[in-house]
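Take a look at the structure below.
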Amino acid sequence: MKAPELITDPAIWQARCSAARDGGARIALVTTMGFLHDGHLSLMREARARADAGGRRGLALASIFVNPTQFGPNEDLSRYPRDLEGDLAKCASAGIDWVLAPEDPNAMFPPDHQTWVTVERASQGLCGASRPGHFRGVATVVAKLFNLSRPHVALFGEKDFQQLAVIRAMARDLAMGVEIVGMPIVREPDGLARSSRNAYLSRDERARALSLSRALREAADAALRGERDAAALAARARARLDEAGLRVDYVEIVDPGSLAPVARAEAGSVMLVAAWAGATRLIDNLRLP
Ligand code: AMP
């Protein structure tokens with residue numbers, strides 16, 4: 001378990017990645033905001049495997065950067081949890097070679113930064129509706145990390161389902177030449193989707209937060225029993241979240257490709273939920289059977 005090399009200067013990172021790629025290395029990248037958990041580590045282990053898929057050892061890379069441009073003015077940027085030392089040990093356990101962790105946000109977004117990537121359709125609705133500017137910040141930082149790292153493949157979690165759609169659209173529309181891989185949601189044993197933000201939850205909120213995954217499971221069970229009306233399934237899930245004392249942002253059933261709401265839940269339709277447990281906004285989703 002070799003410690004990954006920590007690089008804080010994006011220019012040095014870029015030079016190193018470029019030289020590696022020009023030298024024939026296959027590069028796999030995982031972008032994160034740190035405070036790593038098993039969800040992140042599943043992406044990193046897959047990055048390790050995919051970097052080495054060509055028969056020679058490639059480069060498995062991770063970035064840790066709390067991107068200020070994806071936080072709204074009233075969001076949790078200043079209190080977002082951080083633990084670089086612990087994160088580096090976890091990256092080592094997942095076989096990551098190099099970690100880019102810029103210390104200063106200005107290293108990624110200097111004061112004269114003025115170029116933004118807007119993915120129009122996929123950013124609308126769902127989290128895009130309650131977090132204006134969020135996906136513009138995400139797409140821009142990921143585009144920049146792609147330019148800095150020149151990955152062949154980049155891995156993203158389906159936990160952030162809309163984010164994955166935004167990044168797929170961006171990579172395709174701008175011909176970035178990066179394969180985008182979506183990875184399944186990693187959950188706690190009781191079903192709660194792993195998230196760095198779970199660290200904010202009090203005991204009581206943690207118990208109530210379980211209703212997100214429970215509401216999704218119940219909807220999947222109802223769909224299996226023949227309930228296919230999307231509005232009825234969503235209403236039931238919403239009632240479940242209300243009952244648990246969560247403040248619901250949205251409950252929607254969408255087509256997995258277009259993210260457009262569906263009237264009838266088909267196999268593969270995705271149910272997405274977002275709700276606040278106290279001051280903590282949580283999201284989850286499930287593909288319906
Ligand atoms: P974040 O640090 O929250 O920006 O997440 C970095 C990456 O990890 C994103 O691609 C997320 O979708 C992914 N991720 C976060 N939580 C999970 C999870 N529970 N299961 C799988 N992937 C996750």
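Labeling convention for the structure tokens: chains A, B, ... as they appear, residues from 1 per chain, ligands from 1 in order of appearance.
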
### Task
Using only C-alpha atoms and all ligand atoms, determine which residues fall within 9 Å of ligand 1, then list them as JSON, numbers by chain.
{"A": [30, 31, 32, 33, 34, 35, 36, 37, 38, 39, 40, 41, 42, 43, 64, 65, 66, 67, 138, 155, 156, 157, 158, 159, 160, 161, 163, 164, 182, 183, 184, 185, 186, 187, 188, 192, 193, 194, 195, 196, 197, 284]}

### Message
To test your reading of the structure, identify every residue in segment 233-288 of chain A that backbone DSSP assigns to alpha helix (DSSP H), and report it as an MDAnalysis selection string.
### Response
chainID A and resid 233:243

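Among A:Asp97, A:Asp190, A:Glu179, A:Glu227, the residue with the shortest atom-to-atom distance to Met44 of chain A, counting only C-alpha atoms, is A:Asp97.
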
### Task
Excluding Gly58 of chain A and residues on its chain fewer than 4 positions from it, collect all residues at most 8 Å away from it, counting only C-alpha atoms, and give them as a list in words.
Ala25, Arg26, Ile27, Ala28, Arg48, Ala51, Asp52, Ala53 and Gly54 of chain A

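The residue that comes closest to Val178 of chain A, out of A:Ala139, A:Gly72, A:Ala92, A:Leu29 and on the basis of only C-alpha atoms, is A:Leu29.
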
### Task
Name all residues at most 10 Å from Pro10 of chain A (count only C-alpha atoms; drop same-chain ones fewer than 6 positions away) and give them as a ChimeraX atom specification.
/A:16,100-102,107-108,144-145,148-149

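The residue that comes closest to Asp22 of chain A, out of A:Leu88, A:Ser123, A:Ile180, A:Arg150 and on the basis of only C-alpha atoms, is A:Arg150.
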
### Task
Using only C-alpha atoms, determine which residues lie at most 7 Å from Ile96 of chain A, disregarding the query and same-chain residues fewer than 2 positions distant; provide the list as a PyMOL selection string.
chain A and resi 4+44+48+60-62+91-92+94+98
